[in-house]
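Colleague: Contents are PDB, C-alpha atoms; file name entry_8.pdb:
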```pdb
ATOM      1  CA  MET A   1       3.768  15.242  10.942
ATOM      2  CA  SER A   2       6.209  14.912   8.037
ATOM      3  CA  ALA A   3       5.075  13.993   4.547
ATOM      4  CA  VAL A   4       6.984  10.691   4.589
ATOM      5  CA  LEU A   5       5.400   9.693   7.916
ATOM      6  CA  VAL A   6       1.966  10.368   6.435
ATOM      7  CA  ALA A   7       2.895   8.123   3.506
ATOM      8  CA  VAL A   8       3.969   5.339   5.874
ATOM      9  CA  VAL A   9       0.715   5.489   7.882
ATOM     10  CA  LEU A  10      -1.429   5.475   4.744
ATOM     11  CA  SER A  11       0.591   2.560   3.373
ATOM     12  CA  LEU A  12      -0.103   0.552   6.537
ATOM     13  CA  PHE A  13      -3.872   0.976   6.143
ATOM     14  CA  SER A  14      -3.571   0.210   2.438
ATOM     15  CA  ALA A  15      -1.692  -3.039   3.159
ATOM     16  CA  VAL A  16      -4.418  -4.227   5.547
ATOM     17  CA  ALA A  17      -7.124  -3.532   2.954
ATOM     18  CA  TYR A  18      -5.137  -5.326   0.241
ATOM     19  CA  ALA A  19      -4.663  -8.317   2.562
ATOM     20  CA  ALA A  20      -8.400  -8.572   3.217
ATOM     21  CA  ALA A  21      -9.057  -8.391  -0.532
ATOM     22  CA  ALA A  22      -6.465 -11.109  -1.224
ATOM     23  CA  VAL A  23      -8.022 -13.483   1.322
ATOM     24  CA  ALA A  24     -11.466 -12.851  -0.161
ATOM     25  CA  GLN A  25     -10.136 -13.434  -3.695
ATOM     26  CA  GLU A  26      -8.439 -16.691  -2.703
ATOM     27  CA  ARG A  27     -11.623 -18.067  -1.133
ATOM     28  CA  LEU A  28     -13.657 -17.045  -4.158
ATOM     29  CA  ALA A  29     -11.114 -18.459  -6.620
ATOM     30  CA  SER A  30     -10.974 -21.805  -4.793
ATOM     31  CA  ARG A  31     -14.760 -22.131  -5.038
ATOM     32  CA  SER A  32     -15.013 -20.990  -8.647
ATOM     33  CA  SER A  33     -11.987 -22.656 -10.242
ATOM     34  CA  GLY A  34     -12.392 -22.895 -13.979
ATOM     35  CA  THR A  35     -15.195 -20.333 -14.262
ATOM     36  CA  GLY A  36     -14.888 -17.451 -16.677
ATOM     37  CA  THR A  37     -14.577 -13.740 -16.052
ATOM     38  CA  LEU A  38     -18.229 -13.085 -16.896
ATOM     39  CA  ARG A  39     -19.294 -15.504 -14.170
ATOM     40  CA  LEU A  40     -17.141 -13.621 -11.652
ATOM     41  CA  LEU A  41     -18.692 -10.308 -12.676
ATOM     42  CA  GLY A  42     -22.040 -11.591 -11.433
ATOM     43  CA  SER A  43     -20.674 -12.549  -8.009
ATOM     44  CA  VAL A  44     -21.358 -10.260  -5.040
ATOM     45  CA  ALA A  45     -18.303 -11.652  -3.239
ATOM     46  CA  TRP A  46     -16.072 -10.759  -6.195
ATOM     47  CA  TRP A  47     -17.359  -7.195  -6.213
ATOM     48  CA  GLY A  48     -16.705  -7.053  -2.471
ATOM     49  CA  SER A  49     -13.063  -7.946  -3.073
ATOM     50  CA  VAL A  50     -12.936  -5.327  -5.836
ATOM     51  CA  THR A  51     -14.256  -2.732  -3.378
ATOM     52  CA  LEU A  52     -11.546  -3.650  -0.878
ATOM     53  CA  ASN A  53      -8.923  -3.413  -3.608
ATOM     54  CA  ALA A  54     -10.269  -0.033  -4.693
ATOM     55  CA  SER A  55     -10.159   1.297  -1.123
ATOM     56  CA  ALA A  56      -6.601   0.034  -0.707
ATOM     57  CA  ALA A  57      -5.626   1.546  -4.059
ATOM     58  CA  LEU A  58      -7.069   4.933  -3.063
ATOM     59  CA  LEU A  59      -5.033   4.939   0.149
ATOM     60  CA  HIS A  60      -2.000   3.889  -1.878
ATOM     61  CA  VAL A  61      -2.498   6.733  -4.342
ATOM     62  CA  VAL A  62      -2.617   9.307  -1.544
ATOM     63  CA  ALA A  63       0.487   7.754   0.012
ATOM     64  CA  LEU A  64       2.341   8.079  -3.291
ATOM     65  CA  ASN A  65       1.612  11.805  -3.252
ATOM     66  CA  TYR A  66       3.478  12.141   0.066
ATOM     67  CA  GLY A  67       6.306   9.601  -0.152
ATOM     68  CA  PRO A  68       8.776   8.329  -2.790
ATOM     69  CA  LEU A  69       8.369   4.959  -4.477
ATOM     70  CA  THR A  70      11.338   3.528  -2.586
ATOM     71  CA  VAL A  71       9.445   4.143   0.679
ATOM     72  CA  VAL A  72       5.827   3.403  -0.244
ATOM     73  CA  GLN A  73       6.252   0.304  -2.426
ATOM     74  CA  PRO A  74       8.319  -1.885  -0.049
ATOM     75  CA  LEU A  75       5.611  -1.412   2.568
ATOM     76  CA  GLY A  76       3.403  -3.469   0.281
ATOM     77  CA  ALA A  77       5.099  -6.524   1.808
ATOM     78  CA  LEU A  78       2.945  -5.853   4.852
ATOM     79  CA  THR A  79       0.051  -7.158   2.770
ATOM     80  CA  LEU A  80       1.316 -10.708   3.243
ATOM     81  CA  VAL A  81       2.080 -10.059   6.909
ATOM     82  CA  ALA A  82      -1.535  -8.992   7.450
ATOM     83  CA  ALA A  83      -2.969 -11.715   5.206
ATOM     84  CA  VAL A  84      -1.449 -14.545   7.273
ATOM     85  CA  PRO A  85      -3.450 -13.952  10.477
ATOM     86  CA  MET A  86      -6.536 -13.086   8.433
ATOM     87  CA  GLY A  87      -6.284 -16.317   6.470
ATOM     88  CA  ALA A  88      -5.649 -18.279   9.661
ATOM     89  CA  ARG A  89      -8.713 -16.717  11.255
ATOM     90  CA  VAL A  90     -10.906 -17.585   8.280
ATOM     91  CA  ALA A  91      -9.523 -21.147   8.200
ATOM     92  CA  GLY A  92     -10.142 -21.579  11.939
ATOM     93  CA  ARG A  93      -6.508 -22.251  12.902
ATOM     94  CA  ARG A  94      -3.702 -20.581  14.844
ATOM     95  CA  VAL A  95      -0.748 -18.738  13.375
ATOM     96  CA  THR A  96       2.220 -21.113  13.395
ATOM     97  CA  ALA A  97       5.691 -20.441  14.787
ATOM     98  CA  ALA A  98       7.139 -20.427  11.260
ATOM     99  CA  GLU A  99       4.649 -17.737  10.253
ATOM    100  CA  TRP A 100       5.653 -15.617  13.251
ATOM    101  CA  ARG A 101       9.324 -15.970  12.210
ATOM    102  CA  GLY A 102       8.485 -14.919   8.675
ATOM    103  CA  THR A 103       6.598 -11.911  10.012
ATOM    104  CA  ALA A 104       9.558 -10.883  12.203
ATOM    105  CA  TYR A 105      12.048 -11.174   9.311
ATOM    106  CA  THR A 106       9.781  -9.199   6.993
ATOM    107  CA  LEU A 107       9.246  -6.390   9.484
ATOM    108  CA  ALA A 108      12.976  -6.186  10.325
ATOM    109  CA  GLY A 109      13.886  -6.044   6.641
ATOM    110  CA  LEU A 110      11.326  -3.325   5.937
ATOM    111  CA  ALA A 111      12.654  -1.288   8.863
ATOM    112  CA  ALA A 112      16.152  -1.425   7.372
ATOM    113  CA  ILE A 113      14.828  -0.325   3.982
ATOM    114  CA  LEU A 114      12.911   2.606   5.484
ATOM    115  CA  VAL A 115      16.019   3.833   7.319
ATOM    116  CA  THR A 116      17.974   4.114   4.069
ATOM    117  CA  ALA A 117      15.169   5.040   1.652
ATOM    118  CA  SER A 118      13.503   7.837   3.625
ATOM    119  CA  GLY A 119      13.417  11.020   1.587
ATOM    120  CA  SER A 120      11.331  14.048   0.762
ATOM    121  CA  ALA A 121       7.969  14.152  -0.942
ATOM    122  CA  PRO A 122       8.169  13.301  -4.664
ATOM    123  CA  ASP A 123       8.551  16.105  -7.186
ATOM    124  CA  GLU A 124       9.892  14.299 -10.283
ATOM    125  CA  VAL A 125       7.479  12.813 -12.840
ATOM    126  CA  LEU A 126       7.784  10.570 -15.863
ATOM    127  CA  SER A 127       7.637  12.293 -19.207
ATOM    128  CA  VAL A 128       5.209  11.020 -21.828
ATOM    129  CA  PRO A 129       7.933   9.187 -23.813
ATOM    130  CA  GLU A 130       9.254   7.611 -20.592
ATOM    131  CA  ALA A 131       5.748   6.532 -19.552
ATOM    132  CA  LEU A 132       5.110   4.998 -22.980
ATOM    133  CA  ALA A 133       8.459   3.184 -22.904
ATOM    134  CA  VAL A 134       7.747   1.775 -19.435
ATOM    135  CA  ALA A 135       4.258   0.707 -20.550
ATOM    136  CA  GLY A 136       5.604  -1.003 -23.674
ATOM    137  CA  VAL A 137       8.293  -2.961 -21.838
ATOM    138  CA  THR A 138       5.843  -4.006 -19.125
ATOM    139  CA  ALA A 139       3.193  -5.092 -21.634
ATOM    140  CA  ALA A 140       5.762  -7.258 -23.424
ATOM    141  CA  LEU A 141       6.842  -8.816 -20.119
ATOM    142  CA  ILE A 142       3.223  -9.549 -19.153
ATOM    143  CA  GLY A 143       2.578 -11.154 -22.531
ATOM    144  CA  LEU A 144       5.630 -13.359 -22.076
ATOM    145  CA  LEU A 145       4.606 -14.423 -18.570
ATOM    146  CA  ALA A 146       0.936 -14.990 -19.413
ATOM    147  CA  ARG A 147       1.574 -17.419 -22.274
ATOM    148  CA  PRO A 148       0.349 -21.009 -21.809
ATOM    149  CA  GLY A 149       2.801 -23.306 -20.062
ATOM    150  CA  THR A 150       3.834 -24.804 -16.748
ATOM    151  CA  ARG A 151       3.423 -23.130 -13.340
ATOM    152  CA  PRO A 152       0.849 -20.571 -14.507
ATOM    153  CA  GLY A 153       0.121 -19.429 -10.950
ATOM    154  CA  LEU A 154       3.639 -18.122 -10.271
ATOM    155  CA  ARG A 155       3.995 -16.630 -13.756
ATOM    156  CA  HIS A 156       0.654 -14.845 -13.489
ATOM    157  CA  ALA A 157       1.623 -13.655 -10.008
ATOM    158  CA  THR A 158       4.874 -12.198 -11.372
ATOM    159  CA  ALA A 159       2.952 -10.475 -14.160
ATOM    160  CA  SER A 160       0.405  -9.169 -11.663
ATOM    161  CA  GLY A 161       3.069  -7.764  -9.341
ATOM    162  CA  SER A 162       4.904  -6.126 -12.244
ATOM    163  CA  ALA A 163       1.699  -4.562 -13.566
ATOM    164  CA  SER A 164       0.766  -3.255 -10.120
ATOM    165  CA  GLY A 165       4.248  -1.840  -9.503
ATOM    166  CA  VAL A 166       4.245  -0.020 -12.844
ATOM    167  CA  ALA A 167       0.713   1.228 -12.169
ATOM    168  CA  SER A 168       1.935   2.691  -8.869
ATOM    169  CA  ALA A 169       4.855   4.446 -10.555
ATOM    170  CA  LEU A 170       2.558   5.893 -13.209
ATOM    171  CA  THR A 171       0.041   6.851 -10.515
ATOM    172  CA  GLN A 172       2.683   8.905  -8.755
ATOM    173  CA  THR A 173       3.305  10.777 -11.996
ATOM    174  CA  VAL A 174      -0.420  11.499 -12.316
ATOM    175  CA  THR A 175      -0.845  12.701  -8.720
ATOM    176  CA  VAL A 176       2.266  14.891  -8.706
ATOM    177  CA  ALA A 177       1.483  16.382 -12.124
ATOM    178  CA  ALA A 178      -2.188  16.937 -11.283
ATOM    179  CA  THR A 179      -1.410  18.704  -8.004
ATOM    180  CA  ASP A 180       1.261  20.901  -9.594
ATOM    181  CA  ARG A 181      -0.343  24.359  -9.710
ATOM    182  CA  SER A 182       2.093  25.570 -12.359
ATOM    183  CA  GLY A 183       0.275  23.657 -15.107
ATOM    184  CA  PRO A 184      -3.290  22.701 -16.099
ATOM    185  CA  LEU A 185      -5.085  20.096 -13.977
ATOM    186  CA  LEU A 186      -6.038  17.875 -16.931
ATOM    187  CA  SER A 187      -3.092  18.100 -19.266
ATOM    188  CA  TRP A 188      -2.421  15.552 -22.001
ATOM    189  CA  GLN A 189       0.277  14.083 -19.812
ATOM    190  CA  VAL A 190      -2.115  13.539 -16.888
ATOM    191  CA  VAL A 191      -4.917  12.082 -19.024
ATOM    192  CA  GLY A 192      -2.658   9.810 -21.066
ATOM    193  CA  VAL A 193      -0.765   8.410 -18.087
ATOM    194  CA  ALA A 194      -4.060   8.000 -16.160
ATOM    195  CA  LEU A 195      -5.358   5.737 -18.942
ATOM    196  CA  LEU A 196      -2.203   3.635 -18.668
ATOM    197  CA  VAL A 197      -2.718   3.415 -14.895
ATOM    198  CA  ALA A 198      -6.266   2.127 -15.381
ATOM    199  CA  ALA A 199      -5.120  -0.495 -17.894
ATOM    200  CA  PHE A 200      -2.272  -1.843 -15.747
ATOM    201  CA  ALA A 201      -4.318  -1.746 -12.529
ATOM    202  CA  ALA A 202      -7.144  -3.740 -14.119
ATOM    203  CA  GLY A 203      -4.691  -6.170 -15.686
ATOM    204  CA  GLY A 204      -2.925  -6.700 -12.377
ATOM    205  CA  LEU A 205      -6.228  -7.416 -10.643
ATOM    206  CA  LEU A 206      -7.337 -10.023 -13.195
ATOM    207  CA  LEU A 207      -3.900 -11.666 -13.263
ATOM    208  CA  SER A 208      -3.877 -11.971  -9.476
ATOM    209  CA  GLN A 209      -7.334 -13.571  -9.586
ATOM    210  CA  THR A 210      -6.052 -16.322 -11.879
ATOM    211  CA  ALA A 211      -2.827 -16.681  -9.875
ATOM    212  CA  TYR A 212      -4.734 -17.341  -6.621
ATOM    213  CA  ARG A 213      -6.608 -20.328  -8.046
ATOM    214  CA  GLY A 214      -3.802 -22.633  -6.960
ATOM    215  CA  GLY A 215      -3.654 -21.218  -3.423
ATOM    216  CA  LEU A 216      -2.789 -17.966  -1.683
ATOM    217  CA  GLY A 217       0.694 -18.456  -0.210
ATOM    218  CA  ALA A 218       3.240 -18.678  -3.034
ATOM    219  CA  PRO A 219       1.384 -16.463  -5.587
ATOM    220  CA  LEU A 220       0.825 -13.709  -3.031
ATOM    221  CA  ALA A 221       4.496 -13.892  -2.034
ATOM    222  CA  VAL A 222       5.556 -13.466  -5.673
ATOM    223  CA  VAL A 223       3.138 -10.549  -6.147
ATOM    224  CA  THR A 224       4.453  -8.962  -2.963
ATOM    225  CA  LEU A 225       8.077  -9.186  -4.146
ATOM    226  CA  ALA A 226       7.549  -8.286  -7.822
ATOM    227  CA  ASN A 227       5.507  -5.161  -7.050
ATOM    228  CA  PRO A 228       8.128  -3.125  -5.134
ATOM    229  CA  LEU A 229      10.916  -4.435  -7.349
ATOM    230  CA  ALA A 230       9.279  -3.061 -10.515
ATOM    231  CA  ALA A 231       8.471   0.257  -8.837
ATOM    232  CA  ALA A 232      11.943   0.601  -7.308
ATOM    233  CA  VAL A 233      13.601   0.101 -10.702
ATOM    234  CA  ILE A 234      11.536   2.964 -12.121
ATOM    235  CA  GLY A 235      12.103   5.182  -9.092
ATOM    236  CA  LEU A 236      15.865   4.690  -9.017
ATOM    237  CA  THR A 237      16.485   4.882 -12.779
ATOM    238  CA  LEU A 238      13.918   7.401 -14.056
ATOM    239  CA  LEU A 239      12.711   9.485 -11.095
ATOM    240  CA  GLY A 240      16.039  10.300  -9.491
ATOM    241  CA  GLU A 241      15.268   8.614  -6.170
ATOM    242  CA  GLY A 242      18.246   7.399  -4.163
ATOM    243  CA  LEU A 243      19.344   5.833  -0.909
ATOM    244  CA  GLN A 244      20.765   7.627   2.113
ATOM    245  CA  GLY A 245      24.052   6.767   3.781
ATOM    246  CA  GLY A 246      26.256   6.204   0.739
ATOM    247  CA  ALA A 247      27.777   2.750   0.319
ATOM    248  CA  ALA A 248      26.779   1.738   3.847
ATOM    249  CA  GLY A 249      23.193   2.731   3.109
ATOM    250  CA  VAL A 250      23.184   0.657  -0.067
ATOM    251  CA  LEU A 251      24.484  -2.383   1.818
ATOM    252  CA  LEU A 252      21.912  -1.899   4.571
ATOM    253  CA  ALA A 253      19.114  -1.577   2.024
ATOM    254  CA  LEU A 254      20.253  -4.724   0.221
ATOM    255  CA  ALA A 255      20.442  -6.616   3.517
ATOM    256  CA  GLY A 256      16.987  -5.379   4.459
ATOM    257  CA  ALA A 257      15.584  -6.373   1.076
ATOM    258  CA  GLY A 258      17.101  -9.837   1.422
ATOM    259  CA  LEU A 259      15.778 -10.244   4.963
ATOM    260  CA  ALA A 260      12.297  -9.058   3.995
ATOM    261  CA  SER A 261      12.297 -11.356   0.950
ATOM    262  CA  TRP A 262      13.260 -14.332   3.100
ATOM    263  CA  GLY A 263      10.490 -13.451   5.516
ATOM    264  CA  VAL A 264       7.982 -13.320   2.675
ATOM    265  CA  VAL A 265       9.173 -16.719   1.420
ATOM    266  CA  LEU A 266       8.818 -18.176   4.916
ATOM    267  CA  LEU A 267       5.312 -16.798   5.173
ATOM    268  CA  SER A 268       4.337 -18.342   1.858
ATOM    269  CA  ARG A 269       5.824 -21.730   2.777
ATOM    270  CA  ALA A 270       4.592 -21.837   6.360
ATOM    271  CA  THR A 271       0.880 -21.862   5.576
ATOM    272  CA  PRO A 272      -0.282 -25.395   6.458
ATOM    273  CA  ASP A 273      -2.397 -27.396   4.100
ATOM    274  CA  PRO A 274      -6.043 -27.673   5.082
ATOM    275  CA  ALA A 275      -6.965 -30.818   6.945
ATOM    276  CA  PRO A 276      -8.422 -33.497   4.686
ATOM    277  CA  HIS A 277     -12.162 -33.724   4.794
ATOM    278  CA  GLU A 278     -13.346 -36.857   6.515
ATOM    279  CA  GLU A 279     -15.610 -38.795   4.222
ATOM    280  CA  HIS A 280     -18.915 -40.176   5.349
ATOM    281  CA  PRO A 281     -18.951 -44.026   5.445
ATOM    282  CA  VAL A 282     -21.996 -44.232   3.157
ATOM    283  CA  ALA A 283     -20.357 -41.882   0.674
ATOM    284  CA  ALA A 284     -17.229 -44.027   0.734
ATOM    285  CA  VAL A 285     -19.278 -47.110  -0.117
ATOM    286  CA  LEU A 286     -21.129 -45.355  -2.913
ATOM    287  CA  ALA A 287     -17.820 -44.176  -4.381
ATOM    288  CA  LEU A 288     -16.489 -47.714  -4.874
ATOM    289  CA  GLU A 289     -15.953 -48.799  -8.423
ATOM    290  CA  PRO A 290     -17.728 -51.952  -9.582
ATOM    291  CA  GLY A 291     -15.615 -54.999  -8.876
ATOM    292  CA  SER A 292     -13.289 -53.152  -6.513
ATOM    293  CA  ALA A 293     -14.546 -54.902  -3.375
ATOM    294  CA  SER A 294     -12.727 -58.023  -2.300
ATOM    295  CA  VAL A 295     -14.518 -61.367  -2.607
ATOM    296  CA  GLU A 296     -15.772 -62.624   0.729
ATOM    297  CA  PRO A 297     -16.532 -66.324   1.393
ATOM    298  CA  ALA A 298     -20.189 -67.241   1.285
ATOM    299  CA  LEU A 299     -21.904 -67.495   4.639
ATOM    300  CA  LEU A 300     -22.903 -71.190   4.334
ATOM    301  CA  PRO A 301     -22.805 -73.831   7.096
ATOM    302  CA  ARG A 302     -19.650 -75.916   6.966
ATOM    303  CA  PRO A 303     -20.034 -79.691   6.769
ATOM    304  CA  ALA A 304     -19.661 -81.432  10.065
ATOM    305  CA  SER A 305     -16.426 -83.310   9.539
ATOM    306  CA  GLU A 306     -15.043 -83.240  13.051
ATOM    307  CA  PRO A 307     -16.301 -85.250  16.019
ATOM    308  CA  GLY A 308     -18.517 -83.461  18.522
ATOM    309  CA  HIS A 309     -20.498 -81.508  15.893
ATOM    310  CA  LEU A 310     -24.219 -81.935  15.727
ATOM    311  CA  THR A 311     -25.523 -83.710  12.701
ATOM    312  CA  PRO A 312     -28.007 -81.789  10.542
ATOM    313  CA  LEU A 313     -31.657 -82.656  10.995
TER     314      LEU A 313
END
```
Please render this file's structure as structure tokens.
Modeller:
Amino acid sequence: MSAVLVAVVLSLFSAVAYAAAAVAQERLASRSSGTGTLRLLGSVAWWGSVTLNASAALLHVVALNYGPLTVVQPLGALTLVAAVPMGARVAGRRVTAAEWRGTAYTLAGLAAILVTASGSAPDEVLSVPEALAVAGVTAALIGLLARPGTRPGLRHATASGSASGVASALTQTVTVAATDRSGPLLSWQVVGVALLVAAFAAGGLLLSQTAYRGGLGAPLAVVTLANPLAAAVIGLTLLGEGLQGGAAGVLLALAGAGLASWGVVLLSRATPDPAPHEEHPVAAVLALEPGSASVEPALLPRPASEPGHLTPL
């Protein structure tokens, strides 16, 4: 089995674990909207989602040791593909036709990307100055996106995806450098970049938790698109990764990216709103504001003014 095929298989398992964690986070966030981070730290369900994320991250780290960023990171879109049936199962509904179309477009686009991006196992790493420059630019972008304002869910989702994508790129540097037998296992480069990985991974997790408070569909779609985009920029510009097939390969990769992106958007839009909860009649009466009920005529006997009516005794 080739190294790239191993990376693809590990990425598939990682995507399923990330999807399960995202569904768990969305359910927890919808029940605990407005609560602080300390309250979440005391929740068993939150720690369960953290465990799922950690398992997915471990599989992702191993995959990055076998495949380039341009192969491993786009497969993260499978997280949304797996999250749709999981979310439908939890909500007690069926997957809609629009969701199946979005899944088909996403899978077809990813297949096109894999055809052009397949390459050998990674051997290039980021230098310490490059890692610090990437960390500084990403931190500034996160600060800009996390500022107070409108549409915080999508902005936090973009920041989360960017942080996770950069964490993956830095993780690849750590794994490749640590497994390189020509140097020490715990060099300053490995330790320093590993600290940056921990910071961006934790920041991405907390940003995604806040992004999911408004729902799972659109924020998860933005996270899914921002993550491989950030990693691909680093891989193509700093790690010497490329695309196969020349100009035709570039066009095919762009078409695949567009098709996969459209599939992700369809998946995020196709999720139906939950059915409104039917209110109990007594609760509806108790919820009435004073004076909101219409005035009904008093139930008094009408005077007998027409012939044929009995006269009162």
Colleague: I'd like the neighbourhood of Ala19 in chain A as a list of chain:residue names, where a residue qualifies if any of its atoms comes within 8 Å (using only C-alpha atoms), though same-chain residues fewer than 5 positions away should be ignored.
Modeller: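 Result of the neighbour search: A:Thr79, A:Leu80, A:Ala82, A:Ala83, A:Met86.
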Colleague: Using C-alpha atoms, can you export the residues from the last selection as a PDB file, in the coordinates of the input?
Modeller:
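Done, and the output landed in selection-v1.pdb:
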```pdb
ATOM      1  CA  THR A  79       0.051  -7.158   2.770  1.00  0.00           C
ATOM      2  CA  LEU A  80       1.316 -10.708   3.243  1.00  0.00           C
ATOM      3  CA  ALA A  82      -1.535  -8.992   7.450  1.00  0.00           C
ATOM      4  CA  ALA A  83      -2.969 -11.715   5.206  1.00  0.00           C
ATOM      5  CA  MET A  86      -6.536 -13.086   8.433  1.00  0.00           C
TER       6      MET A  86
END
```
Colleague: In Å, with one decimal, what is the gap from CA of Ser164 in chain A to CA of Gly258 in chain A?
Modeller: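 CA of Gly258 in chain A lies at a distance of 21.1 Å from CA of Ser164 in chain A.
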Colleague: Evaluate the PyMOL selection byres ((chain A and resi 131) around 10) here and jot the selected residues down as a list in words.
Modeller: Val125, Leu126, Ser127, Val128, Pro129, Glu130, Leu132, Ala133, Val134, Ala135, Gly136, Val166, Ala169, Leu170, Thr173, Gln189, Gly192, Val193, Leu196 and Leu238 of chain A
Colleague: Go through A:Val174, A:Leu243, A:Leu266, A:Val250 and flag the residue nearest Ala104 in chain A, using only C-alpha atoms for the distances.
Modeller: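 Answer, going by the shortest atom-to-atom distance: A:Leu266.
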Colleague: May I ask which of the residues A:Val190, A:Leu154, A:Ala22, A:Val6 is the closest one to Ala178 in chain A, counting only C-alpha atoms?
Modeller: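 Of all the options, A:Val190 lies closest to Ala178 in chain A.
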Colleague: For the file shown, report as a VMD selection string the outcome of the PyMOL selection byres ((chain A and resi 268) around 9) at residue level.
Modeller: chain A and resid 80 84 99 102 216 to 221 263 to 267 269 to 271
Colleague: Deliver the residues from the most recent selection as a file, using C-alpha atoms, as a compact mmCIF listing (two decimals), keeping the file's coordinate frame.
Modeller:
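File part_26.txt, as written:
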```txt
# COMPACT_ATOMS: atom_id res chain seq x y z
CA LEU A 80 1.32 -10.71 3.24
CA VAL A 84 -1.45 -14.54 7.27
CA GLU A 99 4.65 -17.74 10.25
CA GLY A 102 8.48 -14.92 8.68
CA LEU A 216 -2.79 -17.97 -1.68
CA GLY A 217 0.69 -18.46 -0.21
CA ALA A 218 3.24 -18.68 -3.03
CA PRO A 219 1.38 -16.46 -5.59
CA LEU A 220 0.82 -13.71 -3.03
CA ALA A 221 4.50 -13.89 -2.03
CA GLY A 263 10.49 -13.45 5.52
CA VAL A 264 7.98 -13.32 2.68
CA VAL A 265 9.17 -16.72 1.42
CA LEU A 266 8.82 -18.18 4.92
CA LEU A 267 5.31 -16.80 5.17
CA ARG A 269 5.82 -21.73 2.78
CA ALA A 270 4.59 -21.84 6.36
CA THR A 271 0.88 -21.86 5.58
```
Colleague: List the residues matched by the PyMOL selection byres ((chain A and resi 112) around 12) in the displayed structure as a PyMOL selection string, ordered by chain and then by residue number.
Modeller: chain A and resi 71+74-75+105-111+113-118+243-245+248-260
Colleague: With all atoms listed in the file as the basis for distance, which of A:Leu78, A:Ala20, A:Leu69, A:Ala202 is at the shortest distance from Gly165 in chain A?
Modeller: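 Checking each candidate against Gly165 in chain A, we get A:Leu69 as the closest.
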Colleague: When you look at range 45-51 of chain A with a cut-off of 6 Å (counting all atoms listed in the file), what residues show up, excluding the ones that are within fewer than 2 positions of it in the same chain? I need them as an NGL selection string.
Modeller: :A and (21 or 24 or 43 or 53-54)
